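Text of the file data_37.json, holding JSON, C-alpha atoms and all ligand atoms:
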[["chain", "number", "residue", "atom", "x", "y", "z"],
["E", 1, "MET", "CA", -23.97, -17.64, 20.91],
["E", 2, "GLY", "CA", -20.95, -15.66, 22.15],
["E", 3, "LYS", "CA", -18.37, -14.39, 19.73],
["E", 4, "SER", "CA", -15.71, -16.81, 20.94],
["E", 5, "GLU", "CA", -17.82, -19.85, 20.03],
["E", 6, "PHE", "CA", -18.62, -18.57, 16.60],
["E", 7, "ASP", "CA", -18.51, -21.44, 14.12],
["E", 8, "TYR", "CA", -16.03, -20.59, 11.37],
["E", 9, "GLU", "CA", -16.34, -23.96, 9.63],
["E", 10, "PRO", "CA", -18.76, -22.76, 6.90],
["E", 11, "ILE", "CA", -16.47, -19.83, 6.11],
["E", 12, "ILE", "CA", -13.45, -22.14, 5.85],
["E", 13, "GLU", "CA", -15.46, -24.32, 3.48],
["E", 14, "ILE", "CA", -16.32, -21.37, 1.26],
["E", 15, "LEU", "CA", -12.68, -20.24, 1.19],
["E", 16, "GLU", "CA", -11.44, -23.70, 0.20],
["E", 17, "ASP", "CA", -14.15, -23.93, -2.39],
["E", 18, "ILE", "CA", -13.03, -20.69, -4.02],
["E", 19, "LEU", "CA", -9.26, -20.74, -3.48],
["E", 20, "GLY", "CA", -8.51, -24.47, -3.51],
["E", 21, "ASP", "CA", -6.38, -26.32, -0.96],
["E", 22, "TYR", "CA", -4.77, -24.23, 1.72],
["E", 23, "LYS", "CA", -1.01, -24.30, 2.34],
["E", 24, "VAL", "CA", -1.00, -23.50, 6.04],
["E", 25, "HIS", "CA", -3.83, -23.28, 8.54],
["E", 26, "ASN", "CA", -3.37, -21.89, 12.03],
["E", 27, "ASP", "CA", -6.58, -22.68, 13.86],
["E", 28, "TYR", "CA", -5.79, -20.62, 16.88],
["E", 29, "LYS", "CA", -5.06, -17.43, 14.97],
["E", 30, "GLY", "CA", -7.76, -18.13, 12.40],
["E", 31, "GLN", "CA", -5.17, -17.77, 9.67],
["E", 32, "MET", "CA", -4.93, -19.67, 6.39],
["E", 33, "SER", "CA", -2.70, -19.26, 3.37],
["E", 34, "PHE", "CA", -3.60, -20.07, -0.23],
["E", 35, "ASP", "CA", -2.14, -19.53, -3.67],
["E", 36, "CYS", "CA", -3.12, -16.03, -4.72],
["E", 37, "PRO", "CA", -5.51, -16.02, -7.71],
["E", 38, "VAL", "CA", -4.16, -12.68, -8.95],
["E", 39, "CYS", "CA", -0.51, -13.84, -8.80],
["E", 40, "SER", "CA", -1.33, -17.23, -10.35],
["E", 41, "TYR", "CA", -3.92, -16.48, -13.02],
["E", 42, "GLU", "CA", -3.85, -12.78, -13.76],
["E", 43, "ILE", "CA", -0.11, -12.19, -13.50],
["E", 44, "LYS", "CA", 1.49, -15.52, -14.35],
["E", 45, "GLY", "CA", -1.30, -16.86, -16.55],
["E", 46, "LEU", "CA", -1.38, -20.24, -14.79],
["E", 47, "ASP", "CA", -4.57, -22.30, -14.69],
["E", 48, "HIS", "CA", -3.45, -23.77, -11.37],
["E", 49, "GLY", "CA", -1.98, -22.15, -8.26],
["E", 50, "ASP", "CA", 1.62, -20.92, -8.31],
["E", 51, "GLY", "CA", 2.43, -22.97, -5.19],
["E", 52, "LYS", "CA", 3.60, -19.95, -3.20],
["E", 53, "GLY", "CA", 0.72, -19.58, -0.77],
["E", 54, "ASN", "CA", 1.10, -15.79, -0.69],
["E", 55, "LEU", "CA", -2.56, -15.05, -0.05],
["E", 56, "GLU", "CA", -3.19, -14.90, 3.67],
["E", 57, "VAL", "CA", -6.71, -14.95, 5.03],
["E", 58, "ASN", "CA", -7.62, -14.33, 8.65],
["E", 59, "TYR", "CA", -11.21, -15.34, 9.23],
["E", 60, "ARG", "CA", -11.20, -14.14, 12.82],
["E", 61, "TYR", "CA", -10.21, -10.62, 11.76],
["E", 62, "ASN", "CA", -12.19, -10.95, 8.57],
["E", 63, "VAL", "CA", -9.37, -9.79, 6.30],
["E", 64, "TYR", "CA", -7.23, -11.07, 3.45],
["E", 65, "LYS", "CA", -4.05, -9.90, 1.80],
["E", 66, "CYS", "CA", -1.56, -11.16, -0.75],
["E", 67, "TRP", "CA", 1.97, -10.54, 0.45],
["E", 68, "ALA", "CA", 3.28, -10.45, -3.11],
["E", 69, "CYS", "CA", 0.73, -8.39, -5.02],
["E", 70, "GLY", "CA", -1.43, -6.86, -2.25],
["E", 71, "GLU", "CA", -0.03, -3.37, -2.65],
["E", 72, "THR", "CA", 0.22, -3.22, -6.41],
["E", 73, "ASN", "CA", -3.02, -5.01, -7.29],
["E", 74, "GLU", "CA", -5.27, -4.10, -4.39],
["E", 75, "THR", "CA", -5.36, -7.79, -3.42],
["E", 76, "HIS", "CA", -6.48, -7.12, 0.13],
["E", 77, "GLY", "CA", -9.58, -6.18, 2.08],
["E", 78, "SER", "CA", -12.42, -7.90, 3.89],
["E", 79, "ILE", "CA", -13.32, -11.55, 3.34],
["E", 80, "HIS", "CA", -16.66, -10.29, 2.09],
["E", 81, "LYS", "CA", -14.83, -8.44, -0.71],
["E", 82, "LEU", "CA", -12.73, -11.54, -1.47],
["E", 83, "ILE", "CA", -15.81, -13.74, -1.82],
["E", 84, "LYS", "CA", -17.67, -11.16, -3.89],
["E", 85, "LYS", "CA", -14.68, -10.93, -6.21],
["E", 86, "TYR", "CA", -13.82, -14.61, -6.69],
["E", 87, "GLY", "CA", -16.84, -16.56, -5.52],
["E", 88, "THR", "CA", -20.04, -17.50, -7.29],
["E", 89, "PRO", "CA", -23.41, -15.96, -6.33],
["E", 90, "ARG", "CA", -23.98, -19.13, -4.30],
["E", 91, "HIS", "CA", -20.81, -18.52, -2.27],
["E", 92, "ILE", "CA", -21.78, -14.92, -1.58],
["E", 93, "LYS", "CA", -25.27, -15.94, -0.48],
["E", 94, "LYS", "CA", -23.92, -18.65, 1.80],
["E", 95, "TYR", "CA", -21.39, -16.28, 3.34],
["E", 96, "GLU", "CA", -23.94, -13.55, 3.99],
["E", 97, "LEU", "CA", -26.19, -16.12, 5.66],
["E", 98, "VAL", "CA", -23.56, -17.39, 8.09],
["E", 99, "MET", "CA", -21.95, -14.06, 8.94],
["E", 100, "PRO", "CA", -23.74, -12.07, 11.61],
["E", 101, "GLU", "CA", -24.90, -8.72, 10.32],
["E", 102, "GLU", "CA", -22.83, -6.71, 12.78],
["E", 103, "ILE", "CA", -19.63, -8.24, 11.41],
["E", 104, "LEU", "CA", -20.62, -7.47, 7.85],
["E", 105, "GLU", "CA", -21.44, -3.91, 8.93],
["E", 106, "ASN", "CA", -18.27, -3.59, 10.96],
["E", 107, "THR", "CA", -15.91, -4.44, 8.14],
["E", 108, "LYS", "CA", -17.28, -1.59, 6.09],
["E", 109, "THR", "CA", -16.44, 1.10, 8.62],
["E", 110, "LYS", "CA", -13.50, -0.42, 10.44],
["E", 111, "VAL", "CA", -10.53, 1.91, 10.80],
["E", 112, "ASN", "CA", -7.16, 0.54, 11.82],
["E", 113, "TYR", "CA", -5.01, 2.89, 13.82],
["E", 114, "VAL", "CA", -1.40, 2.64, 12.87],
["E", 115, "ARG", "CA", 1.59, 3.00, 15.15],
["E", 116, "LEU", "CA", 5.25, 2.93, 14.29],
["E", 117, "PRO", "CA", 6.84, -0.40, 15.24],
["E", 118, "LYS", "CA", 8.39, -0.19, 18.68],
["E", 119, "GLU", "CA", 11.72, -1.26, 17.13],
["E", 120, "PHE", "CA", 11.70, 1.80, 14.84],
["E", 121, "ILE", "CA", 14.94, 3.81, 14.79],
["E", 122, "SER", "CA", 15.00, 7.13, 13.00],
["E", 123, "PHE", "CA", 18.16, 7.72, 10.95],
["E", 124, "ILE", "CA", 18.46, 11.18, 12.45],
["E", 125, "SER", "CA", 18.75, 9.85, 15.99],
["E", 126, "VAL", "CA", 21.01, 6.81, 15.63],
["E", 127, "SER", "CA", 23.36, 6.43, 18.60],
["E", 128, "GLU", "CA", 27.13, 6.34, 18.10],
["E", 129, "GLY", "CA", 27.12, 2.76, 19.36],
["E", 130, "LEU", "CA", 24.58, 1.59, 16.83],
["E", 131, "LYS", "CA", 26.43, 3.36, 14.02],
["E", 132, "LYS", "CA", 29.25, 0.85, 14.44],
["E", 133, "THR", "CA", 27.00, -2.18, 13.91],
["E", 134, "HIS", "CA", 26.37, -4.01, 10.66],
["E", 135, "TYR", "CA", 22.61, -3.46, 11.21],
["E", 136, "TYR", "CA", 23.02, 0.24, 10.74],
["E", 137, "LYS", "CA", 25.56, -0.10, 7.94],
["E", 138, "GLN", "CA", 23.29, -2.43, 6.00],
["E", 139, "ALA", "CA", 20.30, -0.11, 6.34],
["E", 140, "LEU", "CA", 22.31, 2.98, 5.44],
["E", 141, "ASN", "CA", 23.85, 1.20, 2.50],
["E", 142, "TYR", "CA", 20.39, 0.65, 1.04],
["E", 143, "ILE", "CA", 19.49, 4.31, 1.58],
["E", 144, "ARG", "CA", 22.66, 5.41, -0.22],
["E", 145, "LYS", "CA", 22.11, 2.93, -3.04],
["E", 146, "ARG", "CA", 18.71, 4.49, -3.69],
["E", 147, "ASN", "CA", 20.22, 7.97, -3.62],
["E", 148, "ILE", "CA", 18.20, 9.08, -0.63],
["E", 149, "THR", "CA", 19.85, 12.21, 0.73],
["E", 150, "ASP", "CA", 20.10, 13.41, 4.34],
["E", 151, "GLU", "CA", 17.66, 16.16, 3.51],
["E", 152, "ILE", "CA", 15.09, 13.60, 2.32],
["E", 153, "ILE", "CA", 15.67, 11.51, 5.43],
["E", 154, "LYS", "CA", 15.08, 14.51, 7.65],
["E", 155, "ARG", "CA", 12.01, 15.79, 5.84],
["E", 156, "ASN", "CA", 10.37, 12.34, 5.96],
["E", 157, "ASN", "CA", 11.69, 11.03, 9.29],
["E", 158, "ILE", "CA", 12.91, 7.89, 7.54],
["E", 159, "GLY", "CA", 14.16, 5.10, 9.77],
["E", 160, "PHE", "CA", 14.62, 1.36, 9.96],
["E", 161, "CYS", "CA", 14.06, -1.71, 12.12],
["E", 162, "TYR", "CA", 16.69, -4.37, 12.63],
["E", 163, "SER", "CA", 14.51, -6.54, 14.88],
["E", 164, "GLY", "CA", 10.83, -7.31, 15.45],
["E", 165, "PRO", "CA", 8.14, -7.99, 12.85],
["E", 166, "TYR", "CA", 9.59, -5.32, 10.54],
["E", 167, "ALA", "CA", 13.21, -6.46, 10.93],
["E", 168, "ASN", "CA", 15.60, -5.44, 8.12],
["E", 169, "ARG", "CA", 13.20, -2.94, 6.67],
["E", 170, "ILE", "CA", 13.42, 0.75, 5.87],
["E", 171, "ILE", "CA", 10.43, 2.53, 7.37],
["E", 172, "ILE", "CA", 8.92, 5.62, 5.78],
["E", 173, "PRO", "CA", 6.22, 7.12, 7.99],
["E", 174, "SER", "CA", 3.35, 9.28, 6.84],
["E", 175, "TYR", "CA", 1.78, 12.03, 8.95],
["E", 176, "ASP", "CA", -1.59, 13.70, 8.51],
["E", 177, "GLU", "CA", -2.14, 17.46, 8.35],
["E", 178, "ASN", "CA", -1.92, 17.68, 12.15],
["E", 179, "GLY", "CA", 1.33, 15.77, 12.27],
["E", 180, "HIS", "CA", -0.21, 12.52, 13.57],
["E", 181, "LEU", "CA", 1.06, 9.28, 12.13],
["E", 182, "ASN", "CA", -1.47, 7.80, 9.70],
["E", 183, "TYR", "CA", 0.54, 5.10, 7.91],
["E", 184, "PHE", "CA", 4.00, 3.78, 7.15],
["E", 185, "ILE", "CA", 5.57, 1.58, 4.55],
["E", 186, "ALA", "CA", 8.23, -1.01, 5.35],
["E", 187, "ARG", "CA", 10.60, -1.91, 2.49],
["E", 188, "SER", "CA", 13.11, -4.70, 2.92],
["E", 189, "TYR", "CA", 16.76, -3.76, 2.54],
["E", 190, "GLU", "CA", 17.89, -7.36, 2.24],
["E", 191, "TYR", "CA", 19.33, -8.77, -0.94],
["E", 192, "LYS", "CA", 16.52, -10.72, -2.65],
["E", 193, "PRO", "CA", 13.92, -10.48, 0.13],
["E", 194, "LYS", "CA", 10.98, -12.85, 0.30],
["E", 195, "LEU", "CA", 8.66, -9.89, 0.62],
["E", 196, "LYS", "CA", 9.68, -6.48, -0.63],
["E", 197, "TYR", "CA", 7.00, -4.65, 1.33],
["E", 198, "ARG", "CA", 5.28, -5.54, 4.55],
["E", 199, "ASN", "CA", 2.98, -2.65, 5.23],
["E", 200, "PRO", "CA", 0.52, -2.30, 8.10],
["E", 201, "GLU", "CA", -3.11, -3.26, 7.61],
["E", 202, "ALA", "CA", -5.14, -0.12, 7.20],
["E", 203, "GLN", "CA", -7.70, 1.36, 4.89],
["E", 204, "LYS", "CA", -5.28, 2.87, 2.41],
["E", 205, "GLU", "CA", -8.13, 4.58, 0.55],
["E", 206, "ILE", "CA", -8.61, 7.03, 3.40],
["E", 207, "ILE", "CA", -4.95, 7.90, 3.95],
["E", 208, "ILE", "CA", -3.53, 11.11, 2.55],
["E", 209, "TRP", "CA", 0.23, 10.55, 2.58],
["E", 210, "ASN", "CA", 2.20, 13.24, 4.44],
["E", 211, "GLU", "CA", -0.56, 15.79, 4.08],
["E", 212, "HIS", "CA", 1.34, 18.10, 6.44],
["E", 213, "LEU", "CA", 3.98, 18.63, 3.71],
["E", 214, "ILE", "CA", 1.52, 19.64, 0.97],
["E", 215, "LYS", "CA", 1.36, 23.20, -0.28],
["E", 216, "TRP", "CA", -2.07, 23.39, -1.86],
["E", 217, "ASP", "CA", -1.49, 26.68, -3.66],
["E", 218, "GLN", "CA", 1.37, 25.15, -5.67],
["E", 219, "PRO", "CA", 1.28, 22.46, -8.38],
["E", 220, "ILE", "CA", 0.72, 19.03, -6.86],
["E", 221, "TYR", "CA", 2.22, 15.88, -8.29],
["E", 222, "ILE", "CA", 0.34, 12.59, -8.09],
["E", 223, "VAL", "CA", 2.72, 9.62, -7.96],
["E", 224, "GLU", "CA", 2.41, 5.90, -7.21],
["E", 225, "GLY", "CA", 4.54, 5.06, -4.23],
["E", 226, "ALA", "CA", 6.15, 6.53, -1.14],
["E", 227, "PHE", "CA", 9.63, 6.06, -2.64],
["E", 228, "ASP", "CA", 8.56, 8.24, -5.58],
["E", 229, "SER", "CA", 7.09, 10.85, -3.31],
["E", 230, "ILE", "CA", 10.18, 11.41, -1.16],
["E", 231, "PHE", "CA", 12.14, 12.54, -4.26],
["E", 232, "LEU", "CA", 9.54, 14.95, -5.54],
["E", 233, "GLU", "CA", 8.42, 17.89, -3.46],
["E", 234, "ASN", "CA", 4.71, 18.57, -3.20],
["E", 235, "SER", "CA", 3.77, 15.12, -4.40],
["E", 236, "ILE", "CA", 1.15, 12.73, -3.04],
["E", 237, "PRO", "CA", 1.57, 8.99, -3.57],
["E", 238, "MET", "CA", -1.62, 7.00, -4.14],
["E", 239, "LEU", "CA", 0.07, 3.88, -2.68],
["E", 240, "GLY", "CA", -1.04, 2.06, -5.80],
["E", 241, "LYS", "CA", -2.19, 2.72, -9.34],
["E", 242, "VAL", "CA", -5.72, 3.87, -8.58],
["E", 243, "MET", "CA", -6.99, 6.96, -6.81],
["E", 244, "GLY", "CA", -9.16, 6.61, -3.73],
["E", 245, "GLU", "CA", -12.28, 8.73, -3.33],
["E", 246, "LYS", "CA", -10.90, 10.62, -0.36],
["E", 247, "LEU", "CA", -7.82, 11.85, -2.22],
["E", 248, "PHE", "CA", -10.00, 12.69, -5.19],
["E", 249, "SER", "CA", -12.37, 14.88, -3.15],
["E", 250, "LEU", "CA", -9.53, 16.58, -1.32],
["E", 251, "LEU", "CA", -7.79, 17.44, -4.58],
["E", 252, "TYR", "CA", -11.04, 18.68, -6.02],
["E", 253, "GLU", "CA", -11.57, 20.90, -2.99],
["E", 254, "ARG", "CA", -8.07, 22.25, -2.49],
["E", 255, "ALA", "CA", -5.74, 21.79, -5.47],
["E", 256, "ASN", "CA", -5.21, 24.39, -8.19],
["E", 257, "GLU", "CA", -2.92, 22.51, -10.53],
["E", 258, "ILE", "CA", -2.20, 18.78, -10.69],
["E", 259, "ILE", "CA", 0.44, 16.82, -12.59],
["E", 260, "VAL", "CA", -0.09, 13.05, -12.80],
["E", 261, "VAL", "CA", 3.22, 11.12, -13.06],
["E", 262, "LEU", "CA", 2.78, 7.39, -12.60],
["E", 263, "ASP", "CA", 5.34, 4.69, -13.41],
["E", 264, "GLY", "CA", 6.12, 4.30, -17.09],
["E", 265, "ASP", "CA", 4.23, 1.00, -17.24],
["E", 266, "ALA", "CA", 1.01, 2.60, -15.98],
["E", 267, "TRP", "CA", 0.14, 4.99, -18.78],
["E", 268, "GLU", "CA", -3.43, 3.69, -18.95],
["E", 269, "ASN", "CA", -3.91, 4.41, -15.26],
["E", 270, "SER", "CA", -2.45, 7.91, -15.74],
["E", 271, "GLN", "CA", -4.95, 8.63, -18.49],
["E", 272, "LYS", "CA", -7.87, 7.41, -16.38],
["E", 273, "ILE", "CA", -6.84, 9.58, -13.44],
["E", 274, "TYR", "CA", -6.24, 12.55, -15.72],
["E", 275, "HIS", "CA", -9.77, 12.35, -17.10],
["E", 276, "LYS", "CA", -11.31, 11.72, -13.73],
["E", 277, "LEU", "CA", -9.70, 14.88, -12.33],
["E", 278, "ASN", "CA", -10.16, 17.08, -15.39],
["E", 279, "GLY", "CA", -13.60, 18.48, -14.73],
["E", 280, "GLY", "CA", -15.53, 21.13, -12.81],
["E", 281, "ARG", "CA", -13.28, 23.67, -11.11],
["E", 282, "LEU", "CA", -10.19, 21.66, -12.03],
["E", 283, "PHE", "CA", -10.98, 21.62, -15.75],
["E", 284, "GLY", "CA", -7.90, 22.63, -17.76],
["E", 285, "LYS", "CA", -5.69, 22.51, -14.68],
["E", 286, "ILE", "CA", -4.62, 18.90, -15.01],
["E", 287, "TRP", "CA", -1.39, 17.76, -16.66],
["E", 288, "THR", "CA", 0.37, 14.46, -17.06],
["E", 289, "ILE", "CA", 3.87, 13.23, -17.84],
["E", 290, "LYS", "CA", 4.46, 10.02, -19.76],
["E", 291, "LEU", "CA", 7.61, 8.35, -18.46],
["E", 292, "PRO", "CA", 9.58, 5.71, -20.42],
["E", 293, "LEU", "CA", 8.24, 2.19, -19.83],
["E", 294, "ASP", "CA", 10.96, 1.14, -17.40],
["E", 295, "LYS", "CA", 11.16, 4.36, -15.37],
["E", 296, "ASP", "CA", 9.48, 5.79, -12.30],
["E", 297, "VAL", "CA", 9.91, 9.02, -10.33],
["E", 298, "ALA", "CA", 12.22, 7.32, -7.83],
["E", 299, "ASP", "CA", 14.56, 6.05, -10.58],
["E", 300, "LEU", "CA", 14.81, 9.62, -11.85],
["E", 301, "GLN", "CA", 15.36, 10.94, -8.33],
["E", 302, "GLY", "CA", 12.45, 13.28, -8.88],
["E", 303, "ASP", "CA", 14.15, 15.06, -11.80],
["E", 304, "LEU", "CA", 11.44, 15.42, -14.45],
["E", 305, "SER", "CA", 13.09, 18.30, -16.32],
["E", 306, "GLN", "CA", 13.74, 16.24, -19.47],
["E", 307, "PHE", "CA", 10.04, 15.38, -19.84],
["E", 308, "LYS", "CA", 7.24, 17.55, -21.12],
["E", 309, "LYS", "CA", 4.03, 17.85, -19.18],
["E", 310, "ILE", "CA", 1.06, 17.47, -21.49],
["E", 311, "GLN", "CA", -2.70, 17.82, -21.53],
["E", 312, "LEU", "CA", -4.87, 15.13, -23.08],
["E", 313, "ASP", "CA", -7.90, 15.37, -25.39],
["C", 1, "ZN", "ZN", -1.04, -12.07, -5.27]]

As structure tokens - that is how I would like this structure written.
Amino acid sequence: MGKSEFDYEPIIEILEDILGDYKVHNDYKGQMSFDCPVCSYEIKGLDHGDGKGNLEVNYRYNVYKCWACGETNETHGSIHKLIKKYGTPRHIKKYELVMPEEILENTKTKVNYVRLPKEFISFISVSEGLKKTHYYKQALNYIRKRNITDEIIKRNNIGFCYSGPYANRIIIPSYDENGHLNYFIARSYEYKPKLKYRNPEAQKEIIIWNEHLIKWDQPIYIVEGAFDSIFLENSIPMLGKVMGEKLFSLLYERANEIIVVLDGDAWENSQKIYHKLNGGRLFGKIWTIKLPLDKDVADLQGDLSQFKKIQLD
């Protein structure tokens, strides 16, 4: 049986079984949307769906993602992961039976290469003509509101899109140690956007954000998001509240002093990361800063001078 005639029906059945009725189903694209279990049950405490249909599953590409909580709660990955997380042992068995082995294998090692959207415009190269438009003014207004300086813009090559799939979003690119793009985040600058972030699909666990800017011989700050990182020199955002294995090994290999500064509401995560890092050659070289509940590094514009860095027992 060729790939194009692959029968997705059993997979659709499993998905409906686990996630309930779908909201939208595009046969041709292989895309379905459901109420997200994390948004509905874990965050809002509902015993039914929240009616938003934020969880998008593409069974042809074998991926899922929640557009509301995907970034903050790791609600994304392969369908295999989704079924293992929310299905019963019977669902998992059924799925593994119908999926050809090479697809199961593939999803484990698949790397998505990221490119900047073709509509991307860097703030440092905006034409005089564009500067007169409301597109530019709206984007710049957001940048100013968040206290992002020209120096930060330049160092990070921050830009925006006013058209295309990332329309009305600020784009912050990330480059690896050789200066090649490895990821970007796309934050809406609209008032009350439907989706704050629409980031590219990629294996975030293997991305080291702006590694080319890191000075390994100096103290390194671990923060949550890209917007935190741009305000704080020599910081690496985890793009979430948990640390991937790749970042962990790199820090273990190359860092000499680390200061963990997550959002104020993530003190438990900070402690976990602190203890995970505080061992072997890094023992005694790890610090953390506990921010007030409602604060993050971006709110403070990277100024941590009023807080004490501490070591934990
Ligand atoms: Zn969600």

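Of the residues under consideration (E:Lys65, E:Arg281, E:Arg155, E:Lys295), E:Lys65 shows the shortest atom-to-atom contact distance to Phe34 in chain E when counting all atoms listed in the file.
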
Next item on the list: Taking all atoms listed in the file into account, report as a PyMOL selection string which residues have an atom no farther than 10 Å from an atom of ligand ZN 1 (chain C).
Entry: chain E and resi 34-43+50+52-56+65-76

Margin query: List the spatial neighbours of Gln311 in chain E as a PyMOL selection string - criterion: any atom at most 12 Å away, only C-alpha atoms, same-chain residues fewer than 3 positions off excluded.
Written below: chain E and resi 257-260+270-271+274-275+277-278+283-290+308

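Look at range 114-121 of chain E: the protein and nucleic acid residues within 9 Å of it, using all atoms listed in the file and passing over chain neighbours fewer than 3 places away, are Ile124, Ser125, Val126, Ile158, Gly159, Phe160, Cys161, Tyr162, Ser163, Gly164, Pro165, Tyr166, Ala167, Ile171, Pro173, Leu181, Asn182, Tyr183, Phe184, Pro200, Glu201 and Ala202 of chain E.
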
I need the chosen residues saved as a compact mmCIF listing (two decimals), in the frame of the given file, with C-alpha atoms.
# COMPACT_ATOMS: atom_id res chain seq x y z
CA ILE E 124 18.46 11.18 12.45
CA SER E 125 18.75 9.85 15.99
CA VAL E 126 21.01 6.81 15.63
CA ILE E 158 12.91 7.89 7.54
CA GLY E 159 14.16 5.10 9.77
CA PHE E 160 14.62 1.36 9.96
CA CYS E 161 14.06 -1.71 12.12
CA TYR E 162 16.69 -4.37 12.63
CA SER E 163 14.51 -6.54 14.88
CA GLY E 164 10.83 -7.31 15.45
CA PRO E 165 8.14 -7.99 12.85
CA TYR E 166 9.59 -5.32 10.54
CA ALA E 167 13.21 -6.46 10.93
CA ILE E 171 10.43 2.53 7.37
CA PRO E 173 6.22 7.12 7.99
CA LEU E 181 1.06 9.28 12.13
CA ASN E 182 -1.47 7.80 9.70
CA TYR E 183 0.54 5.10 7.91
CA PHE E 184 4.00 3.78 7.15
CA PRO E 200 0.52 -2.30 8.10
CA GLU E 201 -3.11 -3.26 7.61
CA ALA E 202 -5.14 -0.12 7.20

Check: Got a sec: who's within 8 Å of range 80-93 of chain E, counting only C-alpha atoms, leaving out chain neighbours fewer than 5 positions off, as a list in words?
Finding: Ile14, Leu15, Ile18, Asn62, Tyr64 and Leu104 of chain E

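The interatomic distance for the pair CA of Pro237 in chain E and CA of Lys154 in chain E works out to 18.4 Å.
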